[in-house]
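Undergrad: This is the content of entry-v8.csv (CSV, C-alpha atoms):
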chain,number,residue,atom,x,y,z
A,154,MET,CA,94.8,112.0,86.6
A,155,ASN,CA,97.0,109.6,84.8
A,156,ASN,CA,99.4,112.5,84.1
A,157,ALA,CA,99.4,113.5,87.7
A,158,ILE,CA,100.2,109.9,88.8
A,159,GLY,CA,103.0,109.8,86.2
A,160,ILE,CA,104.6,113.1,87.4
A,161,SER,CA,104.1,112.1,91.1
A,162,GLY,CA,105.6,108.6,90.4
A,163,LYS,CA,108.6,110.0,88.7
A,164,THR,CA,109.2,112.6,91.5
A,165,THR,CA,109.0,109.8,94.0
A,166,ALA,CA,111.4,107.6,92.0
A,167,ALA,CA,113.9,110.5,91.8
A,168,LEU,CA,113.6,111.4,95.5
A,169,LEU,CA,113.9,107.7,96.4
A,170,GLY,CA,117.4,107.6,95.0
A,171,VAL,CA,118.6,110.8,96.6
A,172,SER,CA,117.0,110.3,99.9
A,173,ALA,CA,118.2,106.6,100.1
A,174,ALA,CA,121.7,108.1,100.3
A,175,GLY,CA,120.6,110.4,103.1
A,176,PHE,CA,118.9,107.5,104.9
A,177,ILE,CA,122.1,105.4,104.7
A,178,PHE,CA,124.2,108.3,105.9
A,179,ASN,CA,121.8,109.0,108.9
A,180,SER,CA,121.8,105.3,109.8
A,181,ILE,CA,125.6,105.2,109.8
A,182,ILE,CA,125.7,108.3,112.0
A,183,TYR,CA,123.3,106.7,114.5
A,184,ILE,CA,125.5,103.6,114.7
A,185,MET,CA,128.6,105.8,115.2
A,186,LEU,CA,126.8,107.7,117.9
A,187,HIS,CA,125.9,104.5,119.7
A,188,LEU,CA,129.4,103.2,119.5
A,189,LYS,CA,130.9,106.5,120.8
A,190,ILE,CA,128.4,106.4,123.7
A,191,ASN,CA,129.2,102.8,124.5
A,192,LEU,CA,132.9,103.7,124.6
A,193,GLY,CA,132.1,106.6,126.9
A,194,GLN,CA,133.6,109.1,124.4
A,195,ASP,CA,132.6,112.8,124.2
A,196,ILE,CA,130.0,113.2,121.5
A,197,THR,CA,129.5,117.0,121.5
A,198,ALA,CA,132.0,117.8,118.8
A,199,PHE,CA,130.8,114.8,116.7
A,200,ALA,CA,127.2,115.9,117.0
A,201,ASP,CA,128.0,119.5,116.1
A,202,ARG,CA,129.9,118.3,113.0
A,203,VAL,CA,127.3,116.0,111.6
A,204,SER,CA,124.0,117.7,112.7
A,205,VAL,CA,123.7,119.9,109.6
A,206,TYR,CA,124.1,116.8,107.3
A,207,VAL,CA,121.7,114.7,109.3
A,208,GLY,CA,119.2,117.6,109.1
A,209,ILE,CA,119.6,117.8,105.3
A,210,SER,CA,119.2,114.0,105.0
A,211,THR,CA,116.1,114.2,107.2
A,212,ILE,CA,114.6,116.9,104.9
A,213,LEU,CA,115.3,114.7,101.9
A,214,LEU,CA,113.7,111.7,103.6
A,215,LEU,CA,110.6,113.8,104.4
A,216,LEU,CA,110.3,115.1,100.9
A,217,PHE,CA,110.5,111.5,99.6
A,218,HIS,CA,107.9,110.4,102.0
A,219,PHE,CA,105.5,113.3,101.1
A,220,ALA,CA,106.0,112.5,97.4
A,221,ALA,CA,105.3,108.8,98.0
A,222,ILE,CA,102.1,109.6,100.0
A,223,ALA,CA,100.9,111.9,97.2
A,224,THR,CA,101.5,109.1,94.7
A,225,ILE,CA,99.7,106.5,96.8
A,226,LEU,CA,96.7,108.8,97.3
A,227,LEU,CA,96.5,109.5,93.5
A,228,THR,CA,96.9,105.8,92.8
A,229,LEU,CA,94.1,104.9,95.3
A,230,ARG,CA,91.8,107.4,93.6
A,231,VAL,CA,91.9,105.7,90.2
A,232,ALA,CA,92.3,102.1,91.4
A,233,GLU,CA,89.8,99.8,89.8
A,234,LYS,CA,90.0,97.2,92.5
A,235,ASP,CA,90.8,97.4,96.2
A,236,SER,CA,94.3,96.4,97.1
A,237,VAL,CA,95.7,95.1,100.4
A,238,LEU,CA,99.2,95.9,99.1
A,239,GLN,CA,98.4,99.6,98.3
A,240,ALA,CA,96.5,100.0,101.6
A,241,PHE,CA,99.5,98.6,103.4
A,242,ILE,CA,102.0,100.9,101.6
A,243,PHE,CA,99.8,103.9,102.6
A,244,PHE,CA,99.7,102.7,106.2
A,245,LEU,CA,103.5,102.2,106.2
A,246,SER,CA,104.1,105.6,104.6
A,247,ILE,CA,102.3,107.4,107.4
A,248,ILE,CA,104.0,105.5,110.1
A,249,SER,CA,107.4,105.9,108.5
A,250,THR,CA,106.8,109.7,108.1
A,251,VAL,CA,105.9,110.1,111.7
A,252,MET,CA,109.0,108.1,112.7
A,253,ILE,CA,111.2,110.5,110.9
A,254,ALA,CA,110.1,113.2,113.3
A,255,GLY,CA,110.6,110.7,116.0
A,256,ASP,CA,114.2,110.0,114.9
A,257,PHE,CA,115.1,113.6,115.1
A,258,ALA,CA,113.5,114.0,118.6
A,259,LEU,CA,115.2,110.8,119.8
A,260,CYS,CA,118.6,111.9,118.5
A,261,SER,CA,118.4,115.3,120.2
A,262,ASP,CA,117.3,113.6,123.5
A,263,ILE,CA,120.1,111.1,123.3
A,264,VAL,CA,122.7,113.8,122.8
A,265,LYS,CA,121.2,116.0,125.6
A,266,GLU,CA,120.8,113.1,128.1
A,267,TYR,CA,124.3,111.8,127.5
A,268,GLY,CA,125.7,115.3,127.8
A,269,ALA,CA,123.9,115.6,131.2
A,270,GLY,CA,125.1,112.2,132.3
A,271,LEU,CA,121.7,110.6,132.2
A,272,THR,CA,122.6,107.3,130.5
A,273,GLU,CA,119.9,105.1,132.0
A,274,GLY,CA,117.3,105.3,129.2
A,275,ILE,CA,119.6,105.7,126.3
A,276,LEU,CA,119.7,102.1,125.3
A,277,SER,CA,115.9,101.9,125.0
A,278,GLU,CA,116.0,105.1,122.9
A,279,PHE,CA,118.5,103.5,120.5
A,280,VAL,CA,116.3,100.4,120.3
A,281,ILE,CA,113.4,102.6,119.1
A,282,LEU,CA,115.8,104.5,116.8
A,283,TYR,CA,116.9,101.2,115.1
A,284,PHE,CA,113.4,99.9,114.9
A,285,SER,CA,112.5,103.2,113.2
A,286,GLN,CA,115.3,102.7,110.6
A,287,LEU,CA,114.0,99.2,109.9
A,288,LEU,CA,110.6,100.7,109.2
A,289,HIS,CA,112.1,103.2,106.8
A,290,LEU,CA,114.0,100.4,105.1
A,291,LEU,CA,110.8,98.4,104.8
A,292,PHE,CA,109.1,101.5,103.4
A,293,TYR,CA,111.9,101.9,100.8
A,294,ALA,CA,111.3,98.3,99.7
A,295,PHE,CA,107.5,98.9,99.3
A,296,ALA,CA,108.1,102.3,97.6
A,297,ILE,CA,109.9,100.5,94.8
A,298,VAL,CA,106.8,98.3,94.4
A,299,LEU,CA,104.7,101.5,94.4
A,300,ILE,CA,106.8,103.0,91.7
A,301,LEU,CA,106.4,99.8,89.6
A,302,ILE,CA,102.7,99.9,90.1
A,303,THR,CA,102.4,103.6,89.1
A,304,SER,CA,104.7,103.1,86.0
A,305,ARG,CA,102.4,100.2,84.9
A,306,LYS,CA,99.3,102.4,85.5
A,307,THR,CA,100.5,105.2,83.3
A,308,LEU,CA,101.2,103.0,80.3
A,309,PRO,CA,99.0,104.3,77.5
A,310,ASP,CA,97.1,101.1,76.9
A,311,ASN,CA,96.6,100.2,80.5
A,312,GLY,CA,94.5,103.2,81.6
A,313,ALA,CA,91.0,102.7,83.0
A,314,LYS,CA,88.8,102.8,79.9
A,315,ASN,CA,85.6,102.8,82.0
A,316,PRO,CA,86.4,104.1,85.4
A,317,ALA,CA,83.9,103.4,88.3
A,318,LEU,CA,81.8,106.5,89.0
A,319,LYS,CA,80.8,105.1,92.4
A,320,ASP,CA,84.0,104.0,94.0
A,321,GLU,CA,84.3,100.8,95.9
A,322,ALA,CA,88.1,100.4,95.9
A,323,ILE,CA,88.9,103.3,98.2
A,324,PHE,CA,86.0,102.3,100.4
A,325,LEU,CA,87.5,98.9,100.9
A,326,ASP,CA,91.1,100.3,101.2
A,327,VAL,CA,89.8,102.4,104.1
A,328,GLN,CA,88.8,99.2,105.9
A,329,TYR,CA,92.2,97.6,105.2
A,330,VAL,CA,93.9,100.6,106.8
A,331,GLY,CA,91.4,100.4,109.7
A,332,ILE,CA,92.5,96.8,110.3
A,333,PHE,CA,96.2,97.5,110.0
A,334,THR,CA,95.9,100.5,112.3
A,335,SER,CA,93.9,98.7,115.0
A,336,ILE,CA,96.2,95.6,114.9
A,337,MET,CA,99.2,97.8,115.3
A,338,GLY,CA,97.5,99.8,118.0
A,339,LEU,CA,96.6,96.7,120.0
A,340,ALA,CA,100.0,95.2,119.6
A,341,ILE,CA,101.8,98.3,120.8
A,342,LEU,CA,99.4,98.6,123.7
A,343,VAL,CA,100.0,95.0,124.7
A,344,ALA,CA,103.8,95.5,124.4
A,345,LEU,CA,103.6,98.7,126.5
A,346,SER,CA,101.6,97.0,129.2
A,347,LEU,CA,104.2,94.2,129.4
A,348,PHE,CA,107.4,96.1,129.2
A,349,THR,CA,106.8,99.7,130.2
A,350,PRO,CA,106.3,101.2,133.7
A,351,LEU,CA,102.9,102.7,134.3
A,352,TRP,CA,104.2,106.2,134.8
A,353,ALA,CA,105.7,106.2,131.4
A,354,ILE,CA,102.6,104.8,129.7
A,355,LYS,CA,100.5,107.6,131.5
A,356,LYS,CA,102.9,110.2,130.3
A,357,GLY,CA,102.9,109.3,126.6
A,358,ILE,CA,99.6,107.5,126.0
A,359,ILE,CA,97.7,110.4,124.4
A,360,THR,CA,100.5,111.3,122.0
A,361,LEU,CA,101.1,107.7,121.1
A,362,CYS,CA,97.4,107.1,120.4
A,363,ILE,CA,97.2,110.2,118.1
A,364,VAL,CA,100.3,108.9,116.2
A,365,LEU,CA,98.9,105.4,116.0
A,366,LEU,CA,95.6,106.7,114.7
A,367,LEU,CA,97.1,108.9,112.0
A,368,PRO,CA,97.0,106.4,109.1
A,369,TYR,CA,93.3,105.7,109.6
A,370,ALA,CA,92.5,109.3,110.2
A,371,MET,CA,94.3,110.3,107.1
A,372,ILE,CA,92.7,107.8,104.7
A,373,VAL,CA,89.2,108.6,106.2
A,374,ALA,CA,90.0,112.3,105.7
A,375,TYR,CA,91.0,111.6,102.1
A,376,TRP,CA,87.8,109.6,101.4
A,377,ILE,CA,85.7,112.4,102.9
A,378,LEU,CA,87.6,114.9,100.7
A,379,LEU,CA,86.7,112.9,97.6
A,380,LYS,CA,83.1,112.6,98.8
A,381,ILE,CA,82.6,116.2,99.9
A,382,ARG,CA,81.2,117.3,96.5
A,383,GLU,CA,78.4,114.6,96.7
A,384,LYS,CA,75.3,114.9,98.9
A,385,ILE,CA,75.9,113.2,102.2
A,386,THR,CA,73.1,110.6,101.4
A,387,GLU,CA,75.1,109.5,98.4
A,388,TRP,CA,78.4,108.9,100.2
A,389,TYR,CA,77.6,105.2,100.3
A,390,ASP,CA,75.6,103.3,97.7
A,391,GLU,CA,72.8,101.2,99.2
A,392,LYS,CA,74.8,97.9,99.5
A,393,GLN,CA,77.7,99.7,101.2
A,394,PHE,CA,75.2,101.4,103.5
A,395,GLN,CA,73.7,98.1,104.4
A,396,ASP,CA,77.2,96.6,105.1
A,397,VAL,CA,78.1,99.7,107.2
A,398,THR,CA,74.8,99.4,109.2
A,399,LYS,CA,75.3,95.7,109.9
A,400,ALA,CA,79.0,96.3,110.9
A,401,SER,CA,77.9,99.2,113.2
A,402,PHE,CA,75.3,97.0,114.9
A,403,ILE,CA,77.8,94.2,115.5
A,404,SER,CA,80.4,96.7,116.6
A,405,LEU,CA,78.0,98.1,119.1
A,406,ILE,CA,77.3,94.7,120.6
A,407,ALA,CA,81.0,93.9,120.6
A,408,SER,CA,81.9,97.2,122.2
A,409,MET,CA,79.4,96.6,125.1
A,410,LEU,CA,81.0,93.2,125.7
A,411,ILE,CA,84.5,94.7,125.6
A,412,LEU,CA,83.5,97.4,128.0
A,413,ALA,CA,81.8,94.8,130.3
A,414,VAL,CA,85.1,92.9,130.4
A,415,PHE,CA,87.0,96.1,131.2
A,416,PHE,CA,84.5,96.9,133.9
A,417,LEU,CA,84.9,93.5,135.5
A,418,ILE,CA,88.7,93.7,135.4
A,419,GLN,CA,88.7,97.1,137.0
A,420,ASN,CA,86.3,96.0,139.8
A,421,LEU,CA,87.6,92.5,140.5
A,422,TYR,CA,91.3,93.4,140.3
A,423,THR,CA,91.5,96.7,142.1
A,424,ARG,CA,95.3,96.6,141.8
A,425,PHE,CA,95.2,96.4,138.1
A,426,ALA,CA,95.7,100.1,137.6
A,427,LEU,CA,96.9,99.7,134.0
A,428,MET,CA,93.4,99.3,132.8
A,429,ASN,CA,92.5,102.8,134.1
A,430,VAL,CA,95.2,104.2,131.8
A,431,ILE,CA,94.7,102.2,128.6
A,432,TRP,CA,91.1,101.3,128.6
A,433,PHE,CA,89.9,103.8,126.1
A,434,PRO,CA,92.6,103.2,123.4
A,435,LEU,CA,92.2,99.5,124.0
A,436,TYR,CA,88.4,99.8,123.5
A,437,PHE,CA,88.8,102.0,120.5
A,438,PHE,CA,91.2,99.8,118.6
A,439,MET,CA,89.2,96.7,119.4
A,440,THR,CA,86.0,98.3,118.1
A,441,LEU,CA,87.7,99.6,115.0
A,442,LEU,CA,89.1,96.2,114.3
A,443,VAL,CA,85.6,94.6,114.6
A,444,PHE,CA,84.0,97.3,112.5
A,445,SER,CA,86.5,97.3,109.6
A,446,SER,CA,86.8,93.5,109.6
A,447,ILE,CA,83.0,93.1,109.3
A,448,VAL,CA,82.6,95.7,106.6
A,449,LEU,CA,85.4,94.0,104.6
A,450,TYR,CA,84.0,90.5,105.3
A,451,LEU,CA,80.4,91.5,104.1
A,452,ASN,CA,81.8,93.1,101.0
A,453,LYS,CA,84.1,90.2,100.1
A,454,LYS,CA,81.3,87.7,100.8
A,455,ALA,CA,79.0,89.5,98.5
A,456,GLY,CA,81.6,89.6,95.8
A,457,GLU,CA,82.0,85.8,95.8
B,198,MET,CA,69.6,84.3,98.4
B,199,SER,CA,67.4,87.1,99.8
B,200,SER,CA,64.2,85.7,101.2
B,201,GLU,CA,60.9,86.5,103.1
B,202,ASN,CA,58.6,84.1,104.8
B,203,ILE,CA,55.0,83.9,103.3
B,204,GLY,CA,53.0,81.1,104.9
B,205,ASN,CA,55.0,77.9,104.8
B,206,LYS,CA,57.0,78.9,101.8
B,207,GLN,CA,59.8,81.3,101.4
B,208,ALA,CA,59.5,84.0,98.8
B,209,ARG,CA,62.7,84.9,97.1
B,210,LEU,CA,63.6,87.7,94.7
B,211,GLY,CA,64.9,86.6,91.4
B,212,ASN,CA,66.1,88.7,88.5
B,213,ASN,CA,66.9,88.7,84.8
B,214,ILE,CA,69.8,91.2,85.0
B,215,ARG,CA,72.4,88.7,83.7
B,216,ARG,CA,70.3,87.9,80.7
B,217,LEU,CA,69.4,91.5,80.0
B,218,ARG,CA,73.1,92.5,80.2
B,219,PHE,CA,73.8,89.7,77.7
B,220,ASP,CA,71.1,91.0,75.4
B,221,ALA,CA,72.5,94.5,75.7
B,222,LYS,CA,75.7,93.4,73.9
B,223,GLU,CA,77.4,91.9,77.0
B,224,LEU,CA,77.0,95.1,79.0
B,225,SER,CA,79.5,94.9,81.9
B,226,GLN,CA,78.4,95.0,85.5
B,227,LEU,CA,80.5,98.2,85.9
B,228,GLU,CA,78.8,99.9,83.0
B,229,LEU,CA,75.4,99.1,84.4
B,230,ALA,CA,76.6,100.2,87.9
B,231,ASN,CA,77.8,103.6,86.5
B,232,ALA,CA,74.5,104.0,84.6
B,233,VAL,CA,72.3,103.5,87.7
B,234,GLY,CA,74.7,105.2,90.2
B,235,VAL,CA,75.9,102.2,92.4
B,236,THR,CA,79.1,100.2,92.7
B,237,ARG,CA,79.9,97.2,90.6
B,238,LEU,CA,79.7,95.0,93.7
B,239,THR,CA,76.1,96.1,94.3
B,240,ILE,CA,75.1,95.0,90.8
B,241,HIS,CA,77.0,91.7,91.3
B,242,SER,CA,75.2,91.2,94.7
B,243,ILE,CA,71.8,91.8,93.2
B,244,GLU,CA,72.5,89.5,90.2
B,245,THR,CA,73.6,86.7,92.5
B,246,GLY,CA,70.6,87.2,94.8
B,247,LYS,CA,72.7,88.3,97.8
B,248,PHE,CA,71.2,91.7,98.1
B,249,ASN,CA,67.7,93.0,97.6
B,250,PRO,CA,67.7,96.4,95.8
B,251,SER,CA,65.6,99.3,97.0
B,252,VAL,CA,62.5,100.1,95.0
B,253,SER,CA,64.2,103.2,93.6
B,254,LEU,CA,67.2,101.2,92.4
B,255,ALA,CA,65.0,98.4,90.9
B,256,ILE,CA,63.1,101.0,88.9
B,257,ARG,CA,66.4,102.7,87.7
B,258,ILE,CA,67.7,99.3,86.6
B,259,ALA,CA,64.4,98.4,84.8
B,260,LYS,CA,64.3,101.9,83.1
B,261,TYR,CA,67.9,101.5,81.9
B,262,PHE,CA,66.9,98.3,80.1
B,263,GLY,CA,63.7,99.9,78.9
B,264,LYS,CA,61.6,97.3,80.8
B,265,GLN,CA,59.0,97.2,83.5
B,266,VAL,CA,60.2,96.3,87.0
B,267,GLU,CA,58.3,93.0,86.8
B,268,ASP,CA,60.2,92.1,83.7
B,269,VAL,CA,63.5,92.5,85.5
B,270,PHE,CA,62.6,91.3,89.0
B,271,TYR,CA,60.2,88.5,90.0
B,272,LEU,CA,59.2,86.6,93.1
B,273,TYR,CA,59.5,82.8,93.3
B,274,TYR,CA,58.6,80.5,96.1
B,275,GLU,CA,60.4,77.5,97.5
So that I can check it, write out the structure of this file as structure tokens.
TA:
Amino acid sequence: MNNAIGISGKTTAALLGVSAAGFIFNSIIYIMLHLKINLGQDITAFADRVSVYVGISTILLLLFHFAAIATILLTLRVAEKDSVLQAFIFFLSIISTVMIAGDFALCSDIVKEYGAGLTEGILSEFVILYFSQLLHLLFYAFAIVLILITSRKTLPDNGAKNPALKDEAIFLDVQYVGIFTSIMGLAILVALSLFTPLWAIKKGIITLCIVLLLPYAMIVAYWILLKIREKITEWYDEKQFQDVTKASFISLIASMLILAVFFLIQNLYTRFALMNVIWFPLYFFMTLLVFSSIVLYLNKKAGE
Amino acid sequence: MSSENIGNKQARLGNNIRRLRFDAKELSQLELANAVGVTRLTIHSIETGKFNPSVSLAIRIAKYFGKQVEDVFYLYYE
């Protein structure tokens, strides 16, 4: 396992350097595209000229992200202690990967819309594109931290001499990712409610929720993959089982309260149509936040 | 501390795991956890009285140290 982490870490480090150049190139192209649009210039020839290079850079960026995700998953597998930092890097890696596909789609949309004379929504598309670049930049910074962690882990004297047979680190990391995912989900839902027209929310809410849920879904899938060889009754040890049971009970009570509030809002404010569109994701992220926080709290409290 | 009400007094489950680990050449919580198939945190929670183990786990821990369950776990009232 240590060997796999070493190889994966080195591949990530090598791809980091190459893809960083691609990332900078793409960012410059996006800025140039924005400037040309602002000046009202024709962008067809420019787009044709750079599209192949942007495509190659995007592939490099994707490869780097995949290598980083593999390294994070391998590192989580052998971690002796839970780590907020590693859980956050995992969360960021998934969001950043999804945003790469988003960048590509946004760029194509911008070029097509501008070509068709539809300039109304282009500014907001550029805002998302720049935000996405910021996310990638943040991920690059954390990827350096990840590479440092993995290089430390693969030092010969620093290996786990007595690894835990019954994991607790990844169990807790799942809860951290649950908290990050739900907080981000709630923040984006609130932002959408405030700044986006209802028709646009209706159009994109399902896709958006699937994307928002990806980090949590992926780490849960990974945890299940690690557990699949064990009997289902042994997936949790008895203390974890007790914590999950308590958290489930509190989440059930909390979810009823949350739904009661939604029910009242829908009935008392009949013109509040937004709730009809976002009630389920809002409910889901709130319940996930309660569940993951309580499991984490009970675990940390017991460890004091 | 885990507790049950019996009459006016509360019965609590105490244990000698810390001492037994010490006697077993400073056996670590992780080593004991691996031997009985639980997490290190579960052993820590039992040791500090924050969690009552199941009968099965109590027997496994006692067997590991070559003791009877009553030698590892005991009830006290306060």
Undergrad: Counting only C-alpha atoms, figure out which residue out of B:His241, B:Lys206, B:Arg216, B:Lys222 gets nearest to chain A.
TA: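 Closest residue, counting only C-alpha atoms: B:His241.
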Undergrad: Residues of chain A that have any atom at most 10 Å from an atom of chain B: could you tabulate them with the shortest-distance atom pair and the distance in Å to one decimal, using all atoms listed in the file, ordered by chain and increasing number, as a Markdown table?
TA:
| residue | atom | partner | partner_atom | distance |
| --- | --- | --- | --- | --- |
| A:Asn315 | CA | B:Glu228 | CA | 7.5 |
| A:Pro316 | CA | B:Leu227 | CA | 8.4 |
| A:Ala317 | CA | B:Asn231 | CA | 6.4 |
| A:Leu318 | CA | B:Asn231 | CA | 5.5 |
| A:Lys319 | CA | B:Thr236 | CA | 5.2 |
| A:Asp320 | CA | B:Thr236 | CA | 6.3 |
| A:Glu321 | CA | B:Thr236 | CA | 6.1 |
| A:Ala322 | CA | B:Thr236 | CA | 9.6 |
| A:Glu387 | CA | B:Gly234 | CA | 9.3 |
| A:Tyr389 | CA | B:Val235 | CA | 8.6 |
| A:Asp390 | CA | B:Val235 | CA | 5.4 |
| A:Glu391 | CA | B:Val235 | CA | 7.5 |
| A:Lys392 | CA | B:Thr239 | CA | 5.7 |
| A:Gln393 | CA | B:Thr239 | CA | 7.9 |
| A:Gln395 | CA | B:Phe248 | CA | 9.3 |
| A:Asn452 | CA | B:Leu238 | CA | 7.8 |
| A:Lys453 | CA | B:Leu238 | CA | 9.1 |
| A:Lys454 | CA | B:Lys247 | CA | 9.1 |
| A:Ala455 | CA | B:Ser242 | CA | 5.6 |
| A:Gly456 | CA | B:Leu238 | CA | 6.1 |
| A:Glu457 | CA | B:Ser242 | CA | 8.8 |
Undergrad: Within 12 Å of Leu245 (chain A), counting only C-alpha atoms, which residues qualify if same-chain residues fewer than 6 places away don't, as a list in words?
TA: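 Those residues are His218, Ala221, Ile222, Ile225, Leu238, Gln239, Val251, Met252, Ser285, Leu287, Leu288, His289, Leu290, Leu291, Phe292, Tyr293, Ala294, Phe295, Ala296, Leu299, Val330, Phe333, Thr334, Met337, Leu365, Leu367, Pro368 and Tyr369 of chain A.
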Undergrad: Quick one: distance from CA of Phe176 (chain A) to CA of Leu215 (chain A) in Å, one decimal?
TA: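 Taking CA of Phe176 (chain A) as the start and CA of Leu215 (chain A) as the end point, the length is 10.4 Å.
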Undergrad: How many Å separate CA of Trp352 (chain A) from CA of Leu417 (chain A)?
TA: 23.1 Å
Undergrad: Can you tell me how far CA of Leu272 (chain B) sits from CA of Leu210 (chain B), in Å to one decimal?
TA: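 Interatomic distance here is 4.8 Å.
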Undergrad: Residues near Asp268 (chain B), anyone? I mean within 10 Å using all atoms listed in the file, not counting same-chain ones fewer than 5 positions away, as a ChimeraX atom specification.
TA: /B:212-214,217,259,262-263
Undergrad: Which residues are near Leu405 (chain A)? Cut-off 9 Å, only C-alpha atoms, ignore same chain within fewer than 5 positions. Put them as a compact mmCIF listing (two decimals) with C-alpha atoms, in the frame of the given file.
TA:
# COMPACT_ATOMS: atom_id res chain seq x y z
CA ALA A 400 79.00 96.30 110.90
CA LEU A 410 81.00 93.20 125.70
CA THR A 440 86.00 98.30 118.10
CA PHE A 444 84.00 97.30 112.50
Undergrad: Please identify all polymer residues within 12 Å of Ile209 (chain A), counting all atoms listed in the file, omitting same-chain residues fewer than 3 positions from it, and present them as a list in words.
TA: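 The neighbour list is Val171, Ser172, Ala174, Gly175, Phe176, Phe178, Asn179, Val203, Ser204, Val205, Tyr206, Ile212, Leu213, Leu214, Leu215, Leu216 and Phe257 of chain A.
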Undergrad: Considering only C-alpha atoms, can you say which of A:Ser180, A:Thr398, A:Ser249, A:Ser261 comes closest to Ala200 (chain A)?
TA: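 So, comparing all the options, the nearest one is A:Ser261.
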Undergrad: Check the smallest atom-to-atom distance from each of A:Val207, A:Ile247, A:Ala340, A:Leu421 to Ile177 (chain A) using all atoms listed in the file, then report the winner.
TA: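 Selected residue with least distance to Ile177 (chain A): A:Val207.
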Undergrad: Reconstruct N, CA and C atoms of region 260-275 of chain A; output as a PDB file, in the frame of the given file.
TA:
ATOM      1  N   CYS A 260     117.223 111.528 118.627  1.00  0.00           N
ATOM      2  CA  CYS A 260     118.600 111.900 118.500  1.00  0.00           C
ATOM      3  C   CYS A 260     118.972 113.062 119.439  1.00  0.00           C
ATOM      4  N   SER A 261     118.136 114.089 119.372  1.00  0.00           N
ATOM      5  CA  SER A 261     118.400 115.300 120.200  1.00  0.00           C
ATOM      6  C   SER A 261     118.341 114.869 121.696  1.00  0.00           C
ATOM      7  N   ASP A 262     117.363 114.014 122.057  1.00  0.00           N
ATOM      8  CA  ASP A 262     117.300 113.600 123.500  1.00  0.00           C
ATOM      9  C   ASP A 262     118.503 112.793 123.885  1.00  0.00           C
ATOM     10  N   ILE A 263     118.959 111.885 122.994  1.00  0.00           N
ATOM     11  CA  ILE A 263     120.100 111.100 123.300  1.00  0.00           C
ATOM     12  C   ILE A 263     121.338 111.952 123.599  1.00  0.00           C
ATOM     13  N   VAL A 264     121.560 112.905 122.691  1.00  0.00           N
ATOM     14  CA  VAL A 264     122.700 113.800 122.800  1.00  0.00           C
ATOM     15  C   VAL A 264     122.616 114.605 124.128  1.00  0.00           C
ATOM     16  N   LYS A 265     121.426 115.141 124.387  1.00  0.00           N
ATOM     17  CA  LYS A 265     121.200 116.000 125.600  1.00  0.00           C
ATOM     18  C   LYS A 265     121.393 115.125 126.860  1.00  0.00           C
ATOM     19  N   GLU A 266     120.736 113.944 126.878  1.00  0.00           N
ATOM     20  CA  GLU A 266     120.800 113.100 128.100  1.00  0.00           C
ATOM     21  C   GLU A 266     122.222 112.616 128.342  1.00  0.00           C
ATOM     22  N   TYR A 267     122.933 112.232 127.278  1.00  0.00           N
ATOM     23  CA  TYR A 267     124.300 111.800 127.500  1.00  0.00           C
ATOM     24  C   TYR A 267     125.190 112.899 127.964  1.00  0.00           C
ATOM     25  N   GLY A 268     124.952 114.089 127.416  1.00  0.00           N
ATOM     26  CA  GLY A 268     125.700 115.300 127.800  1.00  0.00           C
ATOM     27  C   GLY A 268     125.471 115.576 129.314  1.00  0.00           C
ATOM     28  N   ALA A 269     124.241 115.307 129.781  1.00  0.00           N
ATOM     29  CA  ALA A 269     123.900 115.600 131.200  1.00  0.00           C
ATOM     30  C   ALA A 269     124.213 114.406 132.095  1.00  0.00           C
ATOM     31  N   GLY A 270     124.772 113.354 131.524  1.00  0.00           N
ATOM     32  CA  GLY A 270     125.100 112.200 132.300  1.00  0.00           C
ATOM     33  C   GLY A 270     124.002 111.242 132.621  1.00  0.00           C
ATOM     34  N   LEU A 271     122.872 111.436 131.952  1.00  0.00           N
ATOM     35  CA  LEU A 271     121.700 110.600 132.200  1.00  0.00           C
ATOM     36  C   LEU A 271     121.736 109.412 131.162  1.00  0.00           C
ATOM     37  N   THR A 272     122.429 108.337 131.486  1.00  0.00           N
ATOM     38  CA  THR A 272     122.600 107.300 130.500  1.00  0.00           C
ATOM     39  C   THR A 272     121.613 106.123 130.642  1.00  0.00           C
ATOM     40  N   GLU A 273     120.753 106.218 131.645  1.00  0.00           N
ATOM     41  CA  GLU A 273     119.900 105.100 132.000  1.00  0.00           C
ATOM     42  C   GLU A 273     118.924 104.686 130.829  1.00  0.00           C
ATOM     43  N   GLY A 274     118.271 105.686 130.217  1.00  0.00           N
ATOM     44  CA  GLY A 274     117.300 105.300 129.200  1.00  0.00           C
ATOM     45  C   GLY A 274     117.781 105.348 127.780  1.00  0.00           C
ATOM     46  N   ILE A 275     119.090 105.559 127.612  1.00  0.00           N
ATOM     47  CA  ILE A 275     119.600 105.700 126.300  1.00  0.00           C
ATOM     48  C   ILE A 275     119.519 104.461 125.417  1.00  0.00           C
TER      49      ILE A 275
END
